[in-house]
Structure formats: C-alpha cells, structure tokens
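Listing of protein_23.csv; format and content: CSV, N, CA and C atoms and all ligand atoms.
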```
chain,number,residue,atom,x,y,z
V,1,MET,N,183.7,145.7,302.9
V,1,MET,CA,183.1,146.2,301.7
V,1,MET,C,183.0,147.8,301.9
V,2,GLY,N,183.5,148.5,300.9
V,2,GLY,CA,183.5,150.0,301.0
V,2,GLY,C,182.2,150.5,300.7
V,3,GLN,N,182.0,151.8,300.8
V,3,GLN,CA,180.8,152.5,300.5
V,3,GLN,C,180.6,152.6,299.0
V,4,SER,N,179.3,152.4,298.6
V,4,SER,CA,179.1,152.5,297.1
V,4,SER,C,179.2,154.0,296.7
V,5,VAL,N,179.5,154.2,295.4
V,5,VAL,CA,179.6,155.5,294.8
V,5,VAL,C,178.1,155.9,294.4
V,6,ARG,N,177.7,157.0,294.8
V,6,ARG,CA,176.3,157.4,294.5
V,6,ARG,C,176.3,158.8,293.9
V,7,ASP,N,175.2,159.1,293.1
V,7,ASP,CA,174.9,160.4,292.6
V,7,ASP,C,173.6,160.8,293.1
V,8,SER,N,173.5,161.9,293.9
V,8,SER,CA,172.3,162.3,294.6
V,8,SER,C,171.2,162.7,293.6
V,9,ASN,N,171.5,163.0,292.4
V,9,ASN,CA,170.5,163.3,291.4
V,9,ASN,C,170.0,162.1,290.6
V,10,CYS,N,170.5,161.0,290.9
V,10,CYS,CA,170.2,159.8,290.0
V,10,CYS,C,169.0,159.0,290.6
V,11,ILE,N,168.1,158.7,289.8
V,11,ILE,CA,166.9,158.0,290.2
V,11,ILE,C,167.2,156.5,290.7
V,12,PHE,N,168.2,155.9,290.0
V,12,PHE,CA,168.5,154.5,290.4
V,12,PHE,C,169.3,154.6,291.8
V,13,CYS,N,170.1,155.6,291.9
V,13,CYS,CA,170.8,155.7,293.2
V,13,CYS,C,169.8,155.9,294.4
V,14,LYS,N,168.7,156.7,294.1
V,14,LYS,CA,167.7,156.9,295.1
V,14,LYS,C,166.9,155.6,295.4
V,15,ILE,N,166.7,154.8,294.4
V,15,ILE,CA,166.1,153.4,294.6
V,15,ILE,C,167.1,152.6,295.4
V,16,LEU,N,168.4,152.6,295.1
V,16,LEU,CA,169.4,151.8,295.8
V,16,LEU,C,169.4,152.2,297.3
V,17,GLU,N,169.1,153.5,297.5
V,17,GLU,CA,169.1,154.0,298.9
V,17,GLU,C,167.8,153.9,299.6
V,18,LYS,N,166.8,153.3,298.8
V,18,LYS,CA,165.4,153.2,299.4
V,18,LYS,C,164.7,154.5,299.6
V,19,LYS,N,165.2,155.5,298.9
V,19,LYS,CA,164.5,156.8,299.0
V,19,LYS,C,163.3,156.9,298.1
V,20,ILE,N,163.3,156.0,297.1
V,20,ILE,CA,162.2,155.9,296.2
V,20,ILE,C,161.8,154.4,296.2
V,21,PRO,N,160.5,154.1,296.2
V,21,PRO,CA,160.1,152.7,296.3
V,21,PRO,C,160.2,152.0,294.9
V,22,ALA,N,160.5,150.7,295.0
V,22,ALA,CA,160.5,149.9,293.7
V,22,ALA,C,160.2,148.5,294.1
V,23,THR,N,159.8,147.7,293.2
V,23,THR,CA,159.6,146.3,293.4
V,23,THR,C,160.9,145.6,293.2
V,24,ILE,N,161.4,145.1,294.3
V,24,ILE,CA,162.8,144.5,294.3
V,24,ILE,C,162.7,143.0,294.0
V,25,VAL,N,163.4,142.6,293.1
V,25,VAL,CA,163.5,141.2,292.7
V,25,VAL,C,164.7,140.5,293.4
V,26,SER,N,165.8,141.2,293.5
V,26,SER,CA,167.0,140.6,294.1
V,26,SER,C,167.8,141.8,294.5
V,27,GLU,N,168.6,141.5,295.6
V,27,GLU,CA,169.5,142.6,296.1
V,27,GLU,C,170.7,142.0,296.7
V,28,GLY,N,171.9,142.6,296.4
V,28,GLY,CA,173.1,142.2,297.0
V,28,GLY,C,174.0,143.4,297.2
V,29,SER,N,175.2,143.1,297.7
V,29,SER,CA,176.1,144.3,298.0
V,29,SER,C,176.5,145.0,296.7
V,30,ASP,N,176.5,144.2,295.6
V,30,ASP,CA,176.9,144.8,294.3
V,30,ASP,C,175.8,145.2,293.3
V,31,HIS,N,174.6,144.9,293.7
V,31,HIS,CA,173.5,145.2,292.7
V,31,HIS,C,172.1,145.3,293.4
V,32,ILE,N,171.2,145.9,292.6
V,32,ILE,CA,169.8,145.7,293.0
V,32,ILE,C,169.1,145.4,291.7
V,33,ALA,N,168.1,144.5,291.7
V,33,ALA,CA,167.3,144.2,290.5
V,33,ALA,C,165.8,144.5,290.9
V,34,ILE,N,165.2,145.3,290.0
V,34,ILE,CA,163.8,145.8,290.2
V,34,ILE,C,163.0,145.6,289.0
V,35,ARG,N,161.7,145.6,289.2
V,35,ARG,CA,160.8,145.5,288.1
V,35,ARG,C,160.7,146.9,287.4
V,36,ASP,N,160.8,146.9,286.1
V,36,ASP,CA,160.7,148.2,285.4
V,36,ASP,C,159.3,148.8,285.6
V,37,VAL,N,159.3,150.1,285.8
V,37,VAL,CA,158.1,150.9,286.1
V,37,VAL,C,157.2,150.9,284.8
V,38,SER,N,157.9,150.8,283.7
V,38,SER,CA,157.2,150.9,282.4
V,38,SER,C,157.5,149.6,281.5
V,39,PRO,N,157.0,148.5,281.9
V,39,PRO,CA,157.4,147.2,281.3
V,39,PRO,C,157.1,147.1,279.8
V,40,GLN,N,158.1,146.6,279.1
V,40,GLN,CA,158.1,146.5,277.7
V,40,GLN,C,157.8,145.0,277.3
V,41,ALA,N,157.7,144.2,278.3
V,41,ALA,CA,157.4,142.7,278.1
V,41,ALA,C,156.8,142.2,279.4
V,42,PRO,N,156.1,141.1,279.3
V,42,PRO,CA,155.5,140.6,280.6
V,42,PRO,C,156.5,140.5,281.8
V,43,SER,N,157.7,140.1,281.5
V,43,SER,CA,158.8,140.2,282.5
V,43,SER,C,159.8,141.3,282.0
V,44,HIS,N,159.9,142.3,282.8
V,44,HIS,CA,160.9,143.3,282.5
V,44,HIS,C,161.6,143.8,283.8
V,45,ILE,N,162.8,143.3,284.0
V,45,ILE,CA,163.6,143.5,285.2
V,45,ILE,C,164.8,144.3,284.8
V,46,LEU,N,165.2,145.3,285.7
V,46,LEU,CA,166.4,146.0,285.6
V,46,LEU,C,167.4,145.6,286.6
V,47,VAL,N,168.6,145.2,286.1
V,47,VAL,CA,169.7,144.8,287.0
V,47,VAL,C,170.7,146.0,287.1
V,48,ILE,N,170.8,146.6,288.2
V,48,ILE,CA,171.5,147.8,288.4
V,48,ILE,C,172.7,147.7,289.4
V,49,PRO,N,173.9,148.0,288.9
V,49,PRO,CA,175.0,148.0,289.9
V,49,PRO,C,174.9,149.0,291.0
V,50,SER,N,175.4,148.6,292.2
V,50,SER,CA,175.3,149.5,293.3
V,50,SER,C,176.1,150.8,293.2
V,51,ASP,N,177.2,150.8,292.4
V,51,ASP,CA,177.9,152.0,292.2
V,51,ASP,C,177.3,152.8,291.0
V,52,HIS,N,177.3,154.1,291.2
V,52,HIS,CA,176.8,155.0,290.1
V,52,HIS,C,177.9,155.0,289.0
V,53,ILE,N,177.5,154.4,287.9
V,53,ILE,CA,178.4,154.3,286.7
V,53,ILE,C,177.5,154.7,285.6
V,54,ALA,N,177.8,155.8,284.8
V,54,ALA,CA,176.9,156.3,283.8
V,54,ALA,C,176.5,155.3,282.8
V,55,ASP,N,177.4,154.6,282.2
V,55,ASP,CA,177.1,153.6,281.2
V,55,ASP,C,178.2,152.6,281.1
V,56,ILE,N,178.0,151.6,280.2
V,56,ILE,CA,178.9,150.5,280.2
V,56,ILE,C,180.3,150.9,279.8
V,57,ARG,N,180.4,152.0,279.1
V,57,ARG,CA,181.8,152.5,278.7
V,57,ARG,C,182.6,152.9,279.9
V,58,GLU,N,181.9,153.3,280.9
V,58,GLU,CA,182.6,153.8,282.1
V,58,GLU,C,182.9,152.7,283.1
V,59,PHE,N,182.4,151.5,282.8
V,59,PHE,CA,182.6,150.4,283.7
V,59,PHE,C,184.0,149.7,283.4
V,60,LYS,N,184.9,150.0,284.3
V,60,LYS,CA,186.3,149.6,284.0
V,60,LYS,C,186.6,148.2,284.5
V,61,GLN,N,185.8,147.7,285.4
V,61,GLN,CA,186.1,146.4,286.1
V,61,GLN,C,185.4,145.2,285.3
V,62,SER,N,186.1,144.5,284.4
V,62,SER,CA,185.5,143.5,283.6
V,62,SER,C,184.9,142.4,284.4
V,63,GLU,N,185.6,142.1,285.6
V,63,GLU,CA,185.1,141.0,286.4
V,63,GLU,C,183.7,141.4,287.0
V,64,ALA,N,183.6,142.6,287.5
V,64,ALA,CA,182.3,143.0,288.0
V,64,ALA,C,181.2,143.1,286.9
V,65,LEU,N,181.6,143.5,285.7
V,65,LEU,CA,180.7,143.6,284.6
V,65,LEU,C,180.2,142.1,284.3
V,66,GLY,N,181.1,141.2,284.3
V,66,GLY,CA,180.7,139.8,284.0
V,66,GLY,C,179.8,139.3,285.1
V,67,LYS,N,180.0,139.7,286.3
V,67,LYS,CA,179.2,139.3,287.5
V,67,LYS,C,177.8,139.8,287.3
V,68,LEU,N,177.7,141.1,286.9
V,68,LEU,CA,176.4,141.7,286.7
V,68,LEU,C,175.6,140.9,285.7
V,69,PHE,N,176.2,140.5,284.6
V,69,PHE,CA,175.5,139.7,283.6
V,69,PHE,C,175.2,138.3,284.1
V,70,GLN,N,176.0,137.7,285.0
V,70,GLN,CA,175.7,136.5,285.6
V,70,GLN,C,174.5,136.6,286.5
V,71,THR,N,174.4,137.8,287.2
V,71,THR,CA,173.3,138.0,288.1
V,71,THR,C,172.0,138.1,287.3
V,72,ALA,N,172.1,138.8,286.2
V,72,ALA,CA,170.9,138.9,285.3
V,72,ALA,C,170.5,137.5,284.8
V,73,THR,N,171.4,136.6,284.5
V,73,THR,CA,171.1,135.3,284.0
V,73,THR,C,170.6,134.4,285.2
V,74,SER,N,171.1,134.6,286.4
V,74,SER,CA,170.6,133.9,287.5
V,74,SER,C,169.1,134.3,287.8
V,75,ILE,N,168.8,135.5,287.7
V,75,ILE,CA,167.5,136.0,287.9
V,75,ILE,C,166.5,135.4,286.9
V,76,ALA,N,167.0,135.3,285.6
V,76,ALA,CA,166.2,134.7,284.6
V,76,ALA,C,165.8,133.3,285.0
V,77,LYS,N,166.8,132.6,285.5
V,77,LYS,CA,166.6,131.2,285.9
V,77,LYS,C,165.6,131.1,287.1
V,78,LEU,N,165.8,132.0,288.1
V,78,LEU,CA,164.9,132.0,289.2
V,78,LEU,C,163.5,132.3,288.9
V,79,GLU,N,163.4,133.2,287.8
V,79,GLU,CA,162.0,133.6,287.4
V,79,GLU,C,161.5,132.6,286.4
V,80,GLN,N,162.3,131.5,286.1
V,80,GLN,CA,161.9,130.5,285.2
V,80,GLN,C,161.5,131.0,283.8
V,81,LEU,N,162.4,131.9,283.4
V,81,LEU,CA,162.3,132.5,282.0
V,81,LEU,C,163.1,131.6,281.0
V,82,GLU,N,162.4,130.9,280.2
V,82,GLU,CA,163.0,129.9,279.3
V,82,GLU,C,163.8,130.6,278.2
V,83,SER,N,163.3,131.8,277.8
V,83,SER,CA,164.0,132.6,276.7
V,83,SER,C,163.9,134.0,277.2
V,84,PHE,N,165.0,134.7,277.0
V,84,PHE,CA,165.0,136.1,277.4
V,84,PHE,C,166.0,136.9,276.6
V,85,ARG,N,165.9,138.2,276.8
V,85,ARG,CA,166.8,139.1,276.1
V,85,ARG,C,167.4,140.1,277.1
V,86,LEU,N,168.8,140.2,277.0
V,86,LEU,CA,169.5,141.2,277.9
V,86,LEU,C,169.9,142.4,277.0
V,87,VAL,N,169.5,143.6,277.5
V,87,VAL,CA,169.8,144.8,276.7
V,87,VAL,C,170.5,145.8,277.5
V,88,VAL,N,171.5,146.5,277.0
V,88,VAL,CA,172.2,147.6,277.7
V,88,VAL,C,172.2,148.8,276.7
V,89,ASN,N,171.2,149.6,276.9
V,89,ASN,CA,171.1,150.8,276.0
V,89,ASN,C,172.2,151.8,276.5
V,90,THR,N,173.0,152.2,275.5
V,90,THR,CA,174.2,153.1,275.8
V,90,THR,C,174.1,154.3,275.0
V,91,GLY,N,173.8,155.5,275.6
V,91,GLY,CA,173.7,156.7,274.9
V,91,GLY,C,172.3,157.0,274.5
V,92,ALA,N,172.0,158.3,274.5
V,92,ALA,CA,170.6,158.7,274.2
V,92,ALA,C,170.0,158.2,272.9
V,93,GLU,N,170.8,158.2,271.9
V,93,GLU,CA,170.3,157.7,270.6
V,93,GLU,C,169.9,156.2,270.6
V,94,ALA,N,170.6,155.5,271.5
V,94,ALA,CA,170.3,154.1,271.6
V,94,ALA,C,169.2,153.8,272.6
V,95,GLY,N,168.6,154.9,273.1
V,95,GLY,CA,167.4,154.7,274.0
V,95,GLY,C,167.7,154.8,275.5
V,96,GLN,N,168.9,155.2,275.8
V,96,GLN,CA,169.2,155.3,277.3
V,96,GLN,C,168.6,156.5,277.8
V,97,THR,N,167.8,156.4,278.9
V,97,THR,CA,167.2,157.6,279.5
V,97,THR,C,167.6,157.8,280.9
V,98,VAL,N,168.1,156.7,281.6
V,98,VAL,CA,168.6,156.8,282.9
V,98,VAL,C,170.1,156.5,282.8
V,99,PHE,N,170.9,157.5,283.2
V,99,PHE,CA,172.4,157.4,283.0
V,99,PHE,C,173.1,156.9,284.3
V,100,HIS,N,172.6,155.7,284.6
V,100,HIS,CA,173.2,154.8,285.6
V,100,HIS,C,173.1,153.4,285.0
V,101,LEU,N,174.2,152.8,284.7
V,101,LEU,CA,174.3,151.6,284.0
V,101,LEU,C,173.2,150.6,284.5
V,102,HIS,N,172.6,149.9,283.6
V,102,HIS,CA,171.6,148.9,284.0
V,102,HIS,C,171.4,147.9,282.8
V,103,ILE,N,171.1,146.7,283.2
V,103,ILE,CA,170.8,145.6,282.2
V,103,ILE,C,169.3,145.4,282.2
V,104,HIS,N,168.7,145.5,281.0
V,104,HIS,CA,167.3,145.2,280.9
V,104,HIS,C,167.2,143.6,280.7
V,105,LEU,N,166.4,143.0,281.5
V,105,LEU,CA,166.1,141.6,281.3
V,105,LEU,C,164.6,141.5,280.9
V,106,LEU,N,164.4,141.1,279.6
V,106,LEU,CA,163.1,141.1,279.0
V,106,LEU,C,162.7,139.7,278.6
V,107,ALA,N,161.4,139.4,278.9
V,107,ALA,CA,161.0,138.0,278.6
V,107,ALA,C,159.5,137.9,278.6
V,108,GLY,N,159.0,136.8,278.1
V,108,GLY,CA,157.5,136.5,278.2
V,108,GLY,C,156.7,136.9,277.0
V,109,ARG,N,157.4,137.2,275.9
V,109,ARG,CA,156.7,137.4,274.6
V,109,ARG,C,157.7,137.2,273.5
V,110,ALA,N,157.2,137.0,272.3
V,110,ALA,CA,158.1,136.8,271.1
V,110,ALA,C,158.8,138.2,270.9
V,111,MET,N,160.1,138.1,270.6
V,111,MET,CA,160.8,139.4,270.4
V,111,MET,C,161.0,139.6,268.9
V,112,GLN,N,161.1,140.8,268.5
V,112,GLN,CA,161.4,141.2,267.1
V,112,GLN,C,162.9,141.3,266.9
V,113,TRP,N,163.4,141.0,265.7
V,113,TRP,CA,164.8,141.3,265.3
V,113,TRP,C,164.8,141.8,263.9
V,114,PRO,N,165.5,142.9,263.6
V,114,PRO,CA,166.3,143.7,264.5
V,114,PRO,C,165.4,144.5,265.4
V,115,PRO,N,165.9,144.9,266.6
V,115,PRO,CA,165.2,145.7,267.5
V,115,PRO,C,165.0,147.1,267.0
V,116,GLY,N,163.9,147.7,267.3
V,116,GLY,CA,163.6,149.1,266.7
V,116,GLY,C,164.5,150.1,267.4
F,201,LIG,P1,166.9,153.1,279.6
F,201,LIG,O1,165.9,153.8,278.7
F,201,LIG,O2,167.6,151.9,278.9
F,201,LIG,O3,167.8,154.1,280.3
F,201,LIG,O4,166.1,152.4,280.7
F,201,LIG,C1,165.6,153.0,281.9
F,201,LIG,C2,164.4,152.2,282.4
F,201,LIG,O5,164.2,152.6,283.7
F,201,LIG,C3,163.1,152.5,281.6
F,201,LIG,O6,162.7,151.2,281.0
F,201,LIG,C4,162.1,152.9,282.7
F,201,LIG,C5,162.8,152.6,284.0
F,201,LIG,N1,162.6,153.5,285.1
F,201,LIG,C6,162.8,154.8,285.0
F,201,LIG,N2,162.5,155.3,286.2
F,201,LIG,C7,162.1,154.3,287.0
F,201,LIG,C8,161.7,154.2,288.4
F,201,LIG,O7,161.6,155.2,289.1
F,201,LIG,N3,161.4,153.0,288.8
F,201,LIG,C9,161.5,151.9,288.1
F,201,LIG,N4,161.2,150.7,288.6
F,201,LIG,N5,161.9,151.9,286.8
F,201,LIG,C10,162.2,153.1,286.3
```

Mind converting the file's structure to structure tokens?
Amino acid sequence: MGQSVRDSNCIFCKILEKKIPATIVSEGSDHIAIRDVSPQAPSHILVIPSDHIADIREFKQSEALGKLFQTATSIAKLEQLESFRLVVNTGAEAGQTVFHLHIHLLAGRAMQWPPG
C-alpha cells in the first residue's frame, strides 16, 4: 500500500494524521469515518477518503468512489440506521466548506425534501 496523498493545510488530512482529535467511527487504509463536529442530525458521520481529493469531480477512480459509498452504507448498517441520507456537497454554493472530498451520512430525524 503506497503513501496517502495529503495537503498539510487541510483539516481532514490533519484528522487522518491524528494531528487533530476526532471521534472515529471507522478507519481503514482507504478512509476514516468521524462524527461531524457540528451535527445536523442525531447521527451525522463524515466518510473521508485517505487521499486528499478536493471534491468528487477530482475523484478519477470510480471503483474507489464506489467503495467509499459502500463504506458509508456499511457504517449505516453497523450504526443500525434504518433510514439515512448520503450527501456530497460539491462547490461553495452547494455548501462545501472543507475541500477534501467527504460523504455526509445523516440519520435519526425526518428529513426535508427538497434540501435547503
Ligand atoms: P461540507 O460543508 O460539506 O464541506 O462539510 C464539512 C463538515 O465538516 C461540516 O459539517 C463540519 C465538519 N467539520 C469541519 N471541521 C471539522 C473538524 O475539525 N472535526 C470534525 N469532526 N468535523 C469537522
């Protein structure tokens, strides 16, 4: 397994490198899953790839992207979340604030549609 690509200015890279603490839900060679510091639902987990990739448009490996979604789905099962929403904010106008790709796993309350 090669070394992960990191950006020393990225908060999620710092979490991946354990330079900043986080509540870890799951960890593997290809990802870390943590509880969101500002939860928007009773369960709010971020699934973050180990490599620094700014957003989903930059993710060129479709197999790895599929695996990341499978990881999010497995975590939902482990957390016994019957119903959940996976969200990938892409670009500032869409609400992205951390420019290291991540999947939000949200659950534990009724969700609105369309999302705001
Ligand atoms: P987004 O807005 O889609 O880029 O989501 C970024 C999320 O990351 C946001 O819900 C808040 C969360 N977040 C930002 N900084 C930290 C941190 O230092 N620790 C944790 N656990 N979550 C963070």

Subject >> Residue nearest Thr73 in chain V among V:Leu105, V:Val88, V:Ala54, V:Met111 (counting only N, CA and C atoms) >> reply: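 Ranked by minimum distance to Thr73 in chain V, first place goes to V:Leu105.
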
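Reported to one decimal place, the separation of CA of Ile34 in chain V from CA of Ile15 in chain V is 9.1 Å.
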
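Residues in contact with ligand LIG 201 (chain F) comprise V:Ile11, V:Ala22, V:Thr23, V:Ile34, V:Arg35, V:Asp36, V:Val37, V:Ser38, V:Val88, V:Asn89, V:Gly95, V:Gln96, V:Thr97, V:Val98, V:Phe99, where contact means an atom-to-atom distance of at most 6 Å counting all atoms listed in the file.
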
**OP:** Check the smallest atom-to-atom distance from each of V:Leu68, V:Leu46, V:Leu78, V:Val87 to Asp30 in chain V using only N, CA and C atoms, then report the winner.
**Re:**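 Residue with the minimum atom-to-atom distance to Asp30 in chain V: V:Leu68.
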
Original post:
Looking at all atoms listed in the file, which of V:Thr71, V:Thr90, V:Gln112, V:Ser29 is the one that sits closest to Ile56 in chain V?
Top reply: V:Thr90

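Of note, atom N of Lys14 in chain V and atom N of Ala76 in chain V are spaced 23.1 Å apart.
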